[in-house]
Amino acid sequence: MYFCYIDESGDGGAYHASQPDKSGSKYFILGGLIVPAKNWKASLDILKSFKKRIAHQGYLPYDVEFHCSELIDPHKIKEYTAIPTRDKWMLIEEFAETIGLHGSFSIICVVIDKTITTIPPDEYLTEALTRMYMGFDEFLKTKEDNGLLLFDRASEKHISTHARKLLGTGSSGVTIPGVRIGWIIEDPIFRVSADSIFIQSADVIAYSLKEKEFPVTAKKKYNADKIFIRKLLNRCFRSSIGDENGIIRA
């Protein structure tokens, strides 16, 4: 059995280049962290050790959620405000390194660049989900084992409805034409991200990929655009629907 923990970067709203401040983000990204059930406890301990270390160093209390976008631009979590900007990026890179060095982990990512995609805005979420399910199902096929997906609780109703169509388990009997999911089982599970260090890890994956794909000049001095390539790219599963680095683009 394999678990795939998923979090997003960006939003599912339309992007209007003429009014960038009044529209959604120019991207929608799903980052997935795959964890083998047999290594789940050991994987948990490794991630907990990282959070305990940065708590001991005085950066962030252990019980405070590690949330990248909030860390870089704090609005809700006051503990983030005391951390210098350079140290914030160092913490994200060290978290990414912790993930990348753990041999049991695999990564699947889906990127929608709204500036060039032909997907209608009202299908950003569902199309990204379809690609994520297809990629994870292909991974499971190579392992000849089943898997479950676990999401942050945002968009729970929409994700559940579409997942049931993908698996053909919904009461309506509606399925997605041309999509055959054979190894993923059951409805997705939803977690409060603050209570799941695995969901927080998926956030680091999605956010680091966002910085690679959509770099901001002011952040390059912190090497924000290089974190994913340096620390996480080696863990990407190369599916048949992904590019040469394993990134699935929609």
# chains A, B, ... in the order shown; residues from 1 in each chain; ligands from 1
$ select_by_dssp --residues "region 15-128 of chain A" --states "strand (DSSP E)" --output "compact mmCIF listing (two decimals) with N, CA, C and O atoms, in the first residue's frame"
# COMPACT_ATOMS: atom_id res chain seq x y z
N TYR A 27 -0.95 30.41 -12.05
CA TYR A 27 -0.61 28.98 -12.01
C TYR A 27 -1.53 28.25 -11.05
O TYR A 27 -2.14 28.84 -10.15
N PHE A 28 -1.65 26.96 -11.27
CA PHE A 28 -2.29 26.06 -10.31
C PHE A 28 -1.45 24.80 -10.29
O PHE A 28 -1.24 24.15 -11.33
N ILE A 29 -0.94 24.46 -9.12
CA ILE A 29 0.02 23.36 -8.98
C ILE A 29 -0.45 22.40 -7.89
O ILE A 29 -0.87 22.83 -6.82
N LEU A 30 -0.35 21.12 -8.18
CA LEU A 30 -0.55 20.08 -7.16
C LEU A 30 0.78 19.38 -6.92
O LEU A 30 1.45 18.95 -7.87
N GLY A 31 1.17 19.29 -5.66
CA GLY A 31 2.36 18.55 -5.29
C GLY A 31 1.98 17.33 -4.49
O GLY A 31 1.21 17.43 -3.53
N GLY A 32 2.49 16.16 -4.89
CA GLY A 32 2.15 14.93 -4.20
C GLY A 32 3.37 14.22 -3.64
O GLY A 32 4.36 14.03 -4.35
N LEU A 33 3.30 13.85 -2.37
CA LEU A 33 4.36 13.09 -1.71
C LEU A 33 3.88 11.66 -1.52
O LEU A 33 2.90 11.42 -0.81
N ILE A 34 4.57 10.70 -2.13
CA ILE A 34 4.19 9.29 -2.04
C ILE A 34 5.01 8.62 -0.95
O ILE A 34 6.25 8.71 -0.93
N VAL A 35 4.30 7.94 -0.04
CA VAL A 35 4.93 7.29 1.10
C VAL A 35 4.50 5.83 1.14
O VAL A 35 3.29 5.54 1.22
N PRO A 36 5.43 4.87 1.11
CA PRO A 36 5.05 3.45 1.26
C PRO A 36 4.53 3.19 2.67
O PRO A 36 5.11 3.67 3.65
N SER A 106 8.65 9.29 -3.00
CA SER A 106 8.56 9.63 -4.42
C SER A 106 7.65 10.84 -4.53
O SER A 106 6.85 11.13 -3.63
N ILE A 107 7.78 11.57 -5.64
CA ILE A 107 7.04 12.81 -5.83
C ILE A 107 6.31 12.78 -7.17
O ILE A 107 6.85 12.30 -8.17
N ILE A 108 5.08 13.29 -7.18
CA ILE A 108 4.33 13.53 -8.41
C ILE A 108 3.81 14.96 -8.37
O ILE A 108 3.26 15.39 -7.34
N CYS A 109 3.98 15.70 -9.47
CA CYS A 109 3.52 17.08 -9.51
C CYS A 109 2.76 17.36 -10.80
O CYS A 109 3.10 16.84 -11.86
N VAL A 110 1.74 18.19 -10.68
CA VAL A 110 0.96 18.65 -11.83
C VAL A 110 1.01 20.16 -11.88
O VAL A 110 0.80 20.84 -10.86
N VAL A 111 1.30 20.71 -13.06
CA VAL A 111 1.39 22.16 -13.24
C VAL A 111 0.43 22.61 -14.32
O VAL A 111 0.43 22.07 -15.43
N ILE A 112 -0.37 23.60 -14.00
CA ILE A 112 -1.18 24.29 -15.00
C ILE A 112 -0.68 25.73 -15.08
O ILE A 112 -0.76 26.48 -14.09
N ASP A 113 -0.15 26.09 -16.23
CA ASP A 113 0.25 27.48 -16.50
C ASP A 113 -0.95 28.15 -17.16
O ASP A 113 -1.23 27.92 -18.34
$ select_by_dssp --residues "region 34-209 of chain A" --states "helix (DSSP H, G or I)" --output "ChimeraX atom specification"
/A:37-56,68-72,78-82,85-101,121-143,156-167,193-195,197-209
$ residues_around --residues "Val174 (chain A)" --least-positions-apart "4" --cutoff "10 Å" --atoms "only C-alpha atoms" --output "PyMOL selection string"
chain A and resi 162+164-170
$ residues_around --residues "Ala224 (chain A)" --least-positions-apart "4" --cutoff "9 Å" --atoms "only C-alpha atoms" --output "number ranges by chain"
A: 89, 92-93, 208, 211-212, 215-216, 219-220, 228
$ residues_around --residues "region 142-153 of chain A" --least-positions-apart "6" --cutoff "8 Å" --atoms "only C-alpha atoms" --output "list in words"
Met1, Tyr2, Phe3, Cys4, Tyr5, Ile6, Asp7, Trp183, Ile184, Ile185, Glu186, Asp187, Pro188, Ile189, Phe190, Arg191, Val192, Ser193 and Ile199 of chain A
$ residues_around --residues "region 44-51 of chain A" --least-positions-apart "4" --cutoff "7 Å" --atoms "only C-alpha atoms" --output "mmCIF file with N, CA, C and O atoms, in the first residue's frame"
data_model
loop_
_atom_site.group_PDB
_atom_site.id
_atom_site.type_symbol
_atom_site.label_atom_id
_atom_site.label_comp_id
_atom_site.auth_asym_id
_atom_site.auth_seq_id
_atom_site.Cartn_x
_atom_site.Cartn_y
_atom_site.Cartn_z
ATOM 1 N N TRP A 40 6.000 4.066 6.586
ATOM 2 C CA TRP A 40 5.279 5.257 7.035
ATOM 3 C C TRP A 40 5.815 5.781 8.361
ATOM 4 O O TRP A 40 6.077 6.974 8.504
ATOM 5 N N ALA A 55 12.857 23.745 15.763
ATOM 6 C CA ALA A 55 12.276 24.262 17.003
ATOM 7 C C ALA A 55 13.372 24.472 18.038
ATOM 8 O O ALA A 55 13.418 25.505 18.725
ATOM 9 N N TYR A 62 7.550 23.633 17.583
ATOM 10 C CA TYR A 62 7.224 22.348 16.942
ATOM 11 C C TYR A 62 5.750 22.240 16.570
ATOM 12 O O TYR A 62 5.401 21.628 15.553
#
$ closest_residue --among "A:Leu60, A:Ala17, A:Ile181, A:Ala42" --to "Phe136 (chain A)" --atoms "only C-alpha atoms"
A:Ile181
$ closest_residue --among "A:Glu123, A:Asp21, A:Asp137, A:Asp195" --to "Val64 (chain A)" --atoms "only C-alpha atoms"
A:Asp195
$ closest_residue --among "A:His56, A:Lys221, A:Gly103, A:Ala250" --to "Thr126 (chain A)" --atoms "only C-alpha atoms"
A:Ala250
$ closest_residue --among "A:Lys38, A:Gly58, A:Pro120, A:Lys210" --to "Ala82 (chain A)" --atoms "only C-alpha atoms"
A:Gly58
$ closest_residue --among "A:Asn245, A:Gln19, A:Thr130, A:Thr161" --to "Leu233 (chain A)" --atoms "only C-alpha atoms"
A:Asn245
$ closest_residue --among "A:Pro61, A:Pro84, A:Gly178, A:Pro74" --to "Met134 (chain A)" --atoms "only C-alpha atoms"
A:Gly178
$ atom_distance --atom1 "CA of Glu138 (chain A)" --atom2 "CA of Cys68 (chain A)"
28.9 Å
$ atom_distance --atom1 "CA of Arg230 (chain A)" --atom2 "CA of Ala154 (chain A)"
29.2 Å
